[in-house]
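The data block below is structure09.pdb; it holds PDB, C-alpha atoms.
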ATOM      1  CA  MET Q1204      -4.260 -24.785 -16.394  1.00  0.00           C
ATOM      2  CA  SER Q1205      -4.512 -22.451 -19.382  1.00  0.00           C
ATOM      3  CA  ALA Q1206      -4.940 -19.374 -17.149  1.00  0.00           C
ATOM      4  CA  THR Q1207      -1.847 -20.269 -15.136  1.00  0.00           C
ATOM      5  CA  ILE Q1208       0.272 -20.502 -18.297  1.00  0.00           C
ATOM      6  CA  GLY Q1209      -1.321 -17.405 -19.826  1.00  0.00           C
ATOM      7  CA  LEU Q1210      -0.856 -15.284 -16.705  1.00  0.00           C
ATOM      8  CA  LYS Q1211       2.859 -16.043 -16.581  1.00  0.00           C
ATOM      9  CA  ARG Q1212       3.128 -14.750 -20.150  1.00  0.00           C
ATOM     10  CA  TRP Q1213       0.893 -11.747 -19.354  1.00  0.00           C
ATOM     11  CA  HIS Q1214       2.999 -10.683 -16.353  1.00  0.00           C
ATOM     12  CA  LYS Q1215       6.197 -11.018 -18.393  1.00  0.00           C
ATOM     13  CA  VAL Q1216       4.779  -8.764 -21.140  1.00  0.00           C
ATOM     14  CA  ILE Q1217       3.599  -6.207 -18.560  1.00  0.00           C
ATOM     15  CA  ASP Q1218       6.957  -6.242 -16.769  1.00  0.00           C
ATOM     16  CA  ASN Q1219       8.711  -5.626 -20.113  1.00  0.00           C
ATOM     17  CA  GLY Q1220       6.631  -2.545 -20.982  1.00  0.00           C
ATOM     18  CA  SER Q1221       3.615  -3.937 -22.905  1.00  0.00           C
ATOM     19  CA  SER Q1222       5.082  -3.511 -26.380  1.00  0.00           C
ATOM     20  CA  PRO Q1223       2.679  -4.192 -29.262  1.00  0.00           C
ATOM     21  CA  GLU Q1224       4.947  -6.980 -30.509  1.00  0.00           C
ATOM     22  CA  ASP Q1225       5.001  -8.752 -27.150  1.00  0.00           C
ATOM     23  CA  LEU Q1226       1.233  -8.317 -26.728  1.00  0.00           C
ATOM     24  CA  ALA Q1227       0.520  -9.717 -30.192  1.00  0.00           C
ATOM     25  CA  ALA Q1228       2.455 -12.872 -29.274  1.00  0.00           C
ATOM     26  CA  ILE Q1229       0.058 -13.712 -26.400  1.00  0.00           C
ATOM     27  CA  ILE Q1230      -3.266 -12.616 -27.933  1.00  0.00           C
ATOM     28  CA  HIS Q1231      -5.385 -14.953 -30.038  1.00  0.00           C
ATOM     29  CA  GLU Q1232      -6.126 -13.624 -33.552  1.00  0.00           C
ATOM     30  CA  GLU Q1233      -9.878 -13.618 -32.807  1.00  0.00           C
ATOM     31  CA  ALA Q1234      -9.589 -12.113 -29.306  1.00  0.00           C
ATOM     32  CA  VAL Q1235     -12.202  -9.687 -27.981  1.00  0.00           C
ATOM     33  CA  PHE Q1236     -11.555  -6.637 -25.779  1.00  0.00           C
ATOM     34  CA  HIS Q1237     -14.234  -5.079 -23.563  1.00  0.00           C
ATOM     35  CA  SER Q1238     -13.318  -1.508 -22.628  1.00  0.00           C
ATOM     36  CA  PRO Q1239     -14.686   0.312 -19.584  1.00  0.00           C
ATOM     37  CA  VAL Q1240     -15.369   3.331 -21.796  1.00  0.00           C
ATOM     38  CA  VAL Q1241     -16.406   1.872 -25.185  1.00  0.00           C
ATOM     39  CA  HIS Q1242     -19.780   0.125 -25.207  1.00  0.00           C
ATOM     40  CA  THR Q1243     -19.108  -2.282 -28.096  1.00  0.00           C
ATOM     41  CA  PRO Q1244     -16.663  -5.187 -27.884  1.00  0.00           C
ATOM     42  CA  GLN Q1245     -13.495  -4.649 -29.916  1.00  0.00           C
ATOM     43  CA  LYS Q1246     -12.754  -7.766 -31.995  1.00  0.00           C
ATOM     44  CA  GLY Q1247      -9.529  -9.083 -33.492  1.00  0.00           C
ATOM     45  CA  ARG Q1248      -5.861  -9.150 -32.481  1.00  0.00           C
ATOM     46  CA  PRO Q1249      -4.891  -5.769 -34.028  1.00  0.00           C
ATOM     47  CA  ILE Q1250      -7.518  -3.750 -32.129  1.00  0.00           C
ATOM     48  CA  VAL Q1251      -7.008  -5.708 -28.893  1.00  0.00           C
ATOM     49  CA  VAL Q1252      -3.264  -5.080 -29.117  1.00  0.00           C
ATOM     50  CA  ALA Q1253      -3.902  -1.368 -29.762  1.00  0.00           C
ATOM     51  CA  TYR Q1254      -6.143  -1.029 -26.701  1.00  0.00           C
ATOM     52  CA  LEU Q1255      -3.854  -2.999 -24.400  1.00  0.00           C
ATOM     53  CA  ALA Q1256      -0.744  -1.142 -25.594  1.00  0.00           C
ATOM     54  CA  ALA Q1257      -2.532   2.186 -25.007  1.00  0.00           C
ATOM     55  CA  ALA Q1258      -3.602   1.001 -21.553  1.00  0.00           C
ATOM     56  CA  GLY Q1259      -0.031   0.021 -20.775  1.00  0.00           C
ATOM     57  CA  ASN Q1260       1.058   3.551 -21.664  1.00  0.00           C
ATOM     58  CA  THR Q1261      -1.649   5.271 -19.611  1.00  0.00           C
ATOM     59  CA  LEU Q1262      -2.571   3.052 -16.667  1.00  0.00           C
ATOM     60  CA  GLY Q1263       0.813   1.331 -16.451  1.00  0.00           C
ATOM     61  CA  ASN Q1264       2.678   4.138 -14.731  1.00  0.00           C
ATOM     62  CA  ASP Q1265       4.995   3.830 -11.701  1.00  0.00           C
ATOM     63  CA  SER Q1266       2.035   3.536  -9.312  1.00  0.00           C
ATOM     64  CA  PHE Q1267       0.384   0.611 -11.163  1.00  0.00           C
ATOM     65  CA  GLU Q1268       0.137  -2.533  -9.065  1.00  0.00           C
ATOM     66  CA  TYR Q1269      -1.802  -5.774  -9.209  1.00  0.00           C
ATOM     67  CA  VAL Q1270      -3.122  -6.310  -5.678  1.00  0.00           C
ATOM     68  CA  ARG Q1271      -5.159  -9.513  -6.055  1.00  0.00           C
ATOM     69  CA  GLU Q1272      -5.243 -12.422  -8.469  1.00  0.00           C
ATOM     70  CA  LEU Q1273      -7.852 -15.180  -8.783  1.00  0.00           C
ATOM     71  CA  ILE Q1274      -7.579 -18.121 -11.186  1.00  0.00           C
ATOM     72  CA  ASP Q1275     -10.313 -20.584 -12.122  1.00  0.00           C
ATOM     73  CA  GLY Q1276      -9.571 -22.894 -15.050  1.00  0.00           C
ATOM     74  CA  GLU Q1277      -9.363 -20.783 -18.191  1.00  0.00           C
ATOM     75  CA  ASN Q1278     -10.271 -17.544 -16.362  1.00  0.00           C
ATOM     76  CA  ALA Q1279      -8.273 -15.076 -14.313  1.00  0.00           C
ATOM     77  CA  MET Q1280      -9.274 -11.920 -12.479  1.00  0.00           C
ATOM     78  CA  LEU Q1281      -6.581  -9.436 -11.567  1.00  0.00           C
ATOM     79  CA  GLU Q1282      -7.427  -6.448  -9.380  1.00  0.00           C
ATOM     80  CA  PHE Q1283      -5.237  -3.400  -9.897  1.00  0.00           C
ATOM     81  CA  THR Q1284      -4.689   0.051  -8.467  1.00  0.00           C
ATOM     82  CA  THR Q1285      -2.923   3.029  -9.964  1.00  0.00           C
ATOM     83  CA  GLU Q1286      -2.981   6.809  -9.847  1.00  0.00           C
ATOM     84  CA  MET Q1287      -3.580   9.064 -12.851  1.00  0.00           C
ATOM     85  CA  ASP Q1288      -3.155  12.834 -12.426  1.00  0.00           C
ATOM     86  CA  GLY Q1289      -3.839  12.541  -8.706  1.00  0.00           C
ATOM     87  CA  ILE Q1290      -6.938  10.346  -9.165  1.00  0.00           C
ATOM     88  CA  HIS Q1291      -6.966   6.922  -7.523  1.00  0.00           C
ATOM     89  CA  VAL Q1292      -7.995   4.219 -10.012  1.00  0.00           C
ATOM     90  CA  ASN Q1293      -9.186   0.793  -8.887  1.00  0.00           C
ATOM     91  CA  GLY Q1294     -10.084  -1.834 -11.454  1.00  0.00           C
ATOM     92  CA  ILE Q1295     -10.011  -5.400 -12.616  1.00  0.00           C
ATOM     93  CA  ASP Q1296      -8.767  -7.237 -15.660  1.00  0.00           C
ATOM     94  CA  LEU Q1297     -10.975 -10.241 -16.353  1.00  0.00           C
ATOM     95  CA  ILE Q1298      -9.108 -12.476 -18.789  1.00  0.00           C
ATOM     96  CA  ARG Q1299     -10.096 -15.742 -20.492  1.00  0.00           C
ATOM     97  CA  PHE Q1300      -7.408 -17.916 -22.069  1.00  0.00           C
ATOM     98  CA  ASP Q1301      -7.603 -20.735 -24.600  1.00  0.00           C
ATOM     99  CA  GLU Q1302      -6.061 -24.180 -24.030  1.00  0.00           C
ATOM    100  CA  ASP Q1303      -2.687 -22.853 -25.241  1.00  0.00           C
ATOM    101  CA  GLY Q1304      -2.686 -19.946 -22.781  1.00  0.00           C
ATOM    102  CA  MET Q1305      -3.489 -17.326 -25.443  1.00  0.00           C
ATOM    103  CA  ILE Q1306      -5.784 -14.442 -24.454  1.00  0.00           C
ATOM    104  CA  VAL Q1307      -9.189 -14.842 -26.115  1.00  0.00           C
ATOM    105  CA  ASP Q1308     -11.247 -12.376 -24.073  1.00  0.00           C
ATOM    106  CA  PHE Q1309     -10.109  -9.374 -22.032  1.00  0.00           C
ATOM    107  CA  LYS Q1310     -12.487  -7.188 -20.014  1.00  0.00           C
ATOM    108  CA  VAL Q1311     -11.469  -4.153 -17.997  1.00  0.00           C
ATOM    109  CA  MET Q1312     -13.678  -2.608 -15.340  1.00  0.00           C
ATOM    110  CA  VAL Q1313     -12.721   0.602 -13.502  1.00  0.00           C
ATOM    111  CA  ARG Q1314     -14.047   2.533 -10.531  1.00  0.00           C
ATOM    112  CA  PRO Q1315     -14.887   5.167  -9.252  1.00  0.00           C
ATOM    113  CA  LEU Q1316     -16.607   7.351 -11.851  1.00  0.00           C
ATOM    114  CA  LYS Q1317     -13.902  10.023 -11.612  1.00  0.00           C
ATOM    115  CA  ALA Q1318     -11.362   7.329 -12.513  1.00  0.00           C
ATOM    116  CA  VAL Q1319     -13.473   6.095 -15.451  1.00  0.00           C
ATOM    117  CA  ASN Q1320     -13.525   9.638 -16.839  1.00  0.00           C
ATOM    118  CA  LYS Q1321      -9.748   9.998 -16.436  1.00  0.00           C
ATOM    119  CA  VAL Q1322      -9.122   6.620 -18.107  1.00  0.00           C
ATOM    120  CA  TRP Q1323     -11.381   7.622 -21.012  1.00  0.00           C
ATOM    121  CA  GLU Q1324      -9.589  10.951 -21.430  1.00  0.00           C
ATOM    122  CA  GLN Q1325      -6.086   9.494 -21.417  1.00  0.00           C
ATOM    123  CA  MET Q1326      -6.904   6.363 -23.440  1.00  0.00           C
ATOM    124  CA  ALA Q1327      -8.581   8.431 -26.161  1.00  0.00           C
ATOM    125  CA  ALA Q1328      -5.521  10.655 -26.388  1.00  0.00           C
ATOM    126  CA  MET Q1329      -3.134   7.676 -26.470  1.00  0.00           C
ATOM    127  CA  LEU Q1330      -5.138   5.819 -29.149  1.00  0.00           C
ATOM    128  CA  GLU Q1331      -5.237   8.961 -31.287  1.00  0.00           C
ATOM    129  CA  LYS Q1332      -1.465   9.417 -30.846  1.00  0.00           C
ATOM    130  CA  MET Q1333      -0.866   5.782 -31.861  1.00  0.00           C
ATOM    131  CA  LYS Q1334      -2.755   6.321 -35.147  1.00  0.00           C
ATOM    132  CA  THR Q1335      -0.219   8.893 -36.300  1.00  0.00           C
TER     133      THR Q1335
END

Would you write out, as structure tokens, the structure that this file holds?
Amino acid sequence: MSATIGLKRWHKVIDNGSSPEDLAAIIHEEAVFHSPVVHTPQKGRPIVVAYLAAAGNTLGNDSFEYVRELIDGENAMLEFTTEMDGIHVNGIDLIRFDEDGMIVDFKVMVRPLKAVNKVWEQMAAMLEKMKT
């Protein structure tokens, strides 16, 4: 049940542009983010919001589309496709929600390798831009 509630909120935030304020409202204060390009988990709402907002600004272009969604209790897996600078990106968002539908764990996996490199390049630039 918690994933069903949480996913409705997630899709609404995505559809509205993934603003940091909207993201913060659906992310648990002790949430953890697992990046496809950073080997250590990123812990706490502020850093999770920063990563997801940056992803929304890089991956979330006009070609971004969720193509499959699986829900099992508190967990959801969303497969996505997008294109970045002519490179096809295929990935998944693996999300765990608490009993209130708040995101407590968010893992992104991306393929192929060329896409991973492009995501790393653009995410690094976006995160650096957001610092200033």

*For the structure provided, state which residues fall under the PyMOL selection byres ((chain Q and resi 1254) around 9), and present them as a PyMOL selection string.*
chain Q and resi 1236+1238+1245+1249-1253+1255-1259+1326+1330

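Computed from the coordinates, the atom CA of Phe1267 of chain Q to atom CA of Met1287 of chain Q distance equals 9.5 Å.
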
*To one decimal place, how far is atom CA of Val1311 of chain Q from atom CA of Met1280 of chain Q in Å?*
9.8 Å

Rows by chain and residue number, segment 1220-1310 of chain Q within 8 Å of segment 1207-1213 of chain Q, shortest pair, all atoms listed in the file, as a tab-separated table:
residue	atom	partner	partner_atom	distance
Q:Ile1229	CA	Q:Arg1212	CA	7.0
Q:Ile1274	CA	Q:Thr1207	CA	7.3
Q:Ala1279	CA	Q:Leu1210	CA	7.8
Q:Phe1300	CA	Q:Gly1209	CA	6.5
Q:Asp1303	CA	Q:Gly1209	CA	7.8
Q:Gly1304	CA	Q:Gly1209	CA	4.1
Q:Met1305	CA	Q:Gly1209	CA	6.0
Q:Ile1306	CA	Q:Gly1209	CA	7.1

Residues just named, written with C-alpha atoms as a PDB file, in the frame of the given file:
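What landed in part.pdb:
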ATOM      1  CA  ILE Q1229       0.058 -13.712 -26.400  1.00  0.00           C
ATOM      2  CA  ILE Q1274      -7.579 -18.121 -11.186  1.00  0.00           C
ATOM      3  CA  ALA Q1279      -8.273 -15.076 -14.313  1.00  0.00           C
ATOM      4  CA  PHE Q1300      -7.408 -17.916 -22.069  1.00  0.00           C
ATOM      5  CA  ASP Q1303      -2.687 -22.853 -25.241  1.00  0.00           C
ATOM      6  CA  GLY Q1304      -2.686 -19.946 -22.781  1.00  0.00           C
ATOM      7  CA  MET Q1305      -3.489 -17.326 -25.443  1.00  0.00           C
ATOM      8  CA  ILE Q1306      -5.784 -14.442 -24.454  1.00  0.00           C
TER       9      ILE Q1306
END

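Note that atom CA of Gly1294 of chain Q and atom CA of Asp1308 of chain Q are 16.5 Å apart.
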
*Spatial sel., origin (3.4, -1.6, -31.0), limit 9 Å, all atoms listed in the file, listed as a VMD selection string*: chain Q and resid 1221 to 1227 1252 to 1253 1256 1333

Just the selected residues (C-alpha atoms), exported as a PDB file, in the frame of the given file, please.
ATOM      1  CA  SER Q1221       3.615  -3.937 -22.905  1.00  0.00           C
ATOM      2  CA  SER Q1222       5.082  -3.511 -26.380  1.00  0.00           C
ATOM      3  CA  PRO Q1223       2.679  -4.192 -29.262  1.00  0.00           C
ATOM      4  CA  GLU Q1224       4.947  -6.980 -30.509  1.00  0.00           C
ATOM      5  CA  ASP Q1225       5.001  -8.752 -27.150  1.00  0.00           C
ATOM      6  CA  LEU Q1226       1.233  -8.317 -26.728  1.00  0.00           C
ATOM      7  CA  ALA Q1227       0.520  -9.717 -30.192  1.00  0.00           C
ATOM      8  CA  VAL Q1252      -3.264  -5.080 -29.117  1.00  0.00           C
ATOM      9  CA  ALA Q1253      -3.902  -1.368 -29.762  1.00  0.00           C
ATOM     10  CA  ALA Q1256      -0.744  -1.142 -25.594  1.00  0.00           C
ATOM     11  CA  MET Q1333      -0.866   5.782 -31.861  1.00  0.00           C
TER      12      MET Q1333
END

_Resolved residues for the PyMOL selection byres ((chain Q and resi 1296) around 7) as a list in words_ = Met1280, Leu1281, Glu1282, Gly1294, Ile1295, Leu1297, Ile1298, Phe1309, Lys1310, Val1311 and Met1312 of chain Q

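Of the residues under consideration (Q:Glu1272, Q:Val1307, Q:Ala1318, Q:Asn1278), Q:Ala1318 shows the shortest atom-to-atom contact distance to Val1292 of chain Q when counting all atoms listed in the file.
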
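Considering all atoms listed in the file, the residue among Q:Gly1263, Q:Pro1239, Q:Gly1289, Q:Gly1276 positioned nearest to Val1319 of chain Q is Q:Pro1239.
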
Your completed segment 1242-1253 of chain Q with all heavy atoms, as a CSV table (one decimal), in the frame of the given file:
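As written to disk, selection12.csv reads:
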chain,number,residue,atom,x,y,z
Q,1242,HIS,N,-18.7,1.1,-25.5
Q,1242,HIS,CA,-19.8,0.1,-25.2
Q,1242,HIS,C,-19.8,-1.1,-26.1
Q,1242,HIS,O,-20.5,-2.1,-25.8
Q,1242,HIS,CB,-21.1,0.8,-25.2
Q,1242,HIS,CG,-21.6,1.2,-26.6
Q,1242,HIS,ND1,-21.2,2.3,-27.3
Q,1242,HIS,CD2,-22.5,0.6,-27.4
Q,1242,HIS,CE1,-21.8,2.3,-28.4
Q,1242,HIS,NE2,-22.6,1.3,-28.5
Q,1243,THR,N,-19.1,-1.1,-27.2
Q,1243,THR,CA,-19.1,-2.3,-28.1
Q,1243,THR,C,-17.8,-3.1,-27.9
Q,1243,THR,O,-16.7,-2.5,-27.8
Q,1243,THR,CB,-19.3,-1.9,-29.6
Q,1243,THR,OG1,-18.2,-1.0,-29.9
Q,1243,THR,CG2,-20.6,-1.2,-29.8
Q,1244,PRO,N,-17.9,-4.4,-28.0
Q,1244,PRO,CA,-16.7,-5.2,-27.9
Q,1244,PRO,C,-15.8,-4.9,-29.1
Q,1244,PRO,O,-16.3,-4.8,-30.2
Q,1244,PRO,CB,-17.2,-6.6,-27.9
Q,1244,PRO,CG,-18.6,-6.6,-27.5
Q,1244,PRO,CD,-19.1,-5.2,-28.0
Q,1245,GLN,N,-14.5,-4.9,-28.9
Q,1245,GLN,CA,-13.5,-4.6,-29.9
Q,1245,GLN,C,-12.9,-6.0,-30.3
Q,1245,GLN,O,-12.4,-6.7,-29.4
Q,1245,GLN,CB,-12.4,-3.7,-29.4
Q,1245,GLN,CG,-12.9,-2.4,-28.9
Q,1245,GLN,CD,-13.7,-1.6,-29.9
Q,1245,GLN,OE1,-13.1,-1.3,-31.0
Q,1245,GLN,NE2,-14.9,-1.3,-29.7
Q,1246,LYS,N,-13.1,-6.4,-31.6
Q,1246,LYS,CA,-12.8,-7.8,-32.0
Q,1246,LYS,C,-11.5,-7.8,-32.9
Q,1246,LYS,O,-11.4,-7.0,-33.8
Q,1246,LYS,CB,-14.0,-8.4,-32.7
Q,1246,LYS,CG,-15.2,-8.5,-31.8
Q,1246,LYS,CD,-16.4,-9.0,-32.5
Q,1246,LYS,CE,-17.5,-9.1,-31.5
Q,1246,LYS,NZ,-18.7,-9.6,-32.2
Q,1247,GLY,N,-10.7,-8.8,-32.7
Q,1247,GLY,CA,-9.5,-9.1,-33.5
Q,1247,GLY,C,-8.2,-8.6,-32.8
Q,1247,GLY,O,-8.2,-7.7,-32.1
Q,1248,ARG,N,-7.2,-9.4,-33.1
Q,1248,ARG,CA,-5.9,-9.2,-32.5
Q,1248,ARG,C,-5.4,-7.7,-32.7
Q,1248,ARG,O,-4.9,-7.1,-31.7
Q,1248,ARG,CB,-4.8,-10.1,-33.0
Q,1248,ARG,CG,-3.4,-9.9,-32.4
Q,1248,ARG,CD,-2.4,-10.8,-33.0
Q,1248,ARG,NE,-2.6,-12.2,-32.6
Q,1248,ARG,CZ,-2.4,-13.2,-33.5
Q,1248,ARG,NH1,-2.0,-13.0,-34.7
Q,1248,ARG,NH2,-2.6,-14.4,-33.0
Q,1249,PRO,N,-5.4,-7.1,-33.9
Q,1249,PRO,CA,-4.9,-5.8,-34.0
Q,1249,PRO,C,-5.5,-4.7,-33.1
Q,1249,PRO,O,-4.8,-3.9,-32.5
Q,1249,PRO,CB,-5.2,-5.4,-35.5
Q,1249,PRO,CG,-5.2,-6.8,-36.2
Q,1249,PRO,CD,-5.9,-7.7,-35.2
Q,1250,ILE,N,-6.9,-4.7,-33.0
Q,1250,ILE,CA,-7.5,-3.8,-32.1
Q,1250,ILE,C,-7.3,-4.1,-30.6
Q,1250,ILE,O,-7.1,-3.1,-29.8
Q,1250,ILE,CB,-9.0,-3.6,-32.5
Q,1250,ILE,CG1,-9.6,-2.4,-31.8
Q,1250,ILE,CG2,-9.8,-4.8,-32.1
Q,1250,ILE,CD1,-9.2,-1.1,-32.4
Q,1251,VAL,N,-7.3,-5.3,-30.3
Q,1251,VAL,CA,-7.0,-5.7,-28.9
Q,1251,VAL,C,-5.6,-5.3,-28.5
Q,1251,VAL,O,-5.4,-4.7,-27.4
Q,1251,VAL,CB,-7.2,-7.2,-28.7
Q,1251,VAL,CG1,-6.8,-7.6,-27.2
Q,1251,VAL,CG2,-8.7,-7.6,-28.9
Q,1252,VAL,N,-4.6,-5.5,-29.4
Q,1252,VAL,CA,-3.3,-5.1,-29.1
Q,1252,VAL,C,-3.2,-3.6,-29.0
Q,1252,VAL,O,-2.6,-3.0,-28.1
Q,1252,VAL,CB,-2.3,-5.5,-30.2
Q,1252,VAL,CG1,-1.0,-4.8,-30.2
Q,1252,VAL,CG2,-2.1,-7.1,-30.2
Q,1253,ALA,N,-3.9,-2.8,-29.8
Q,1253,ALA,CA,-3.9,-1.4,-29.8
Q,1253,ALA,C,-4.4,-0.9,-28.4
Q,1253,ALA,O,-3.8,0.0,-27.8
Q,1253,ALA,CB,-4.7,-0.8,-30.9
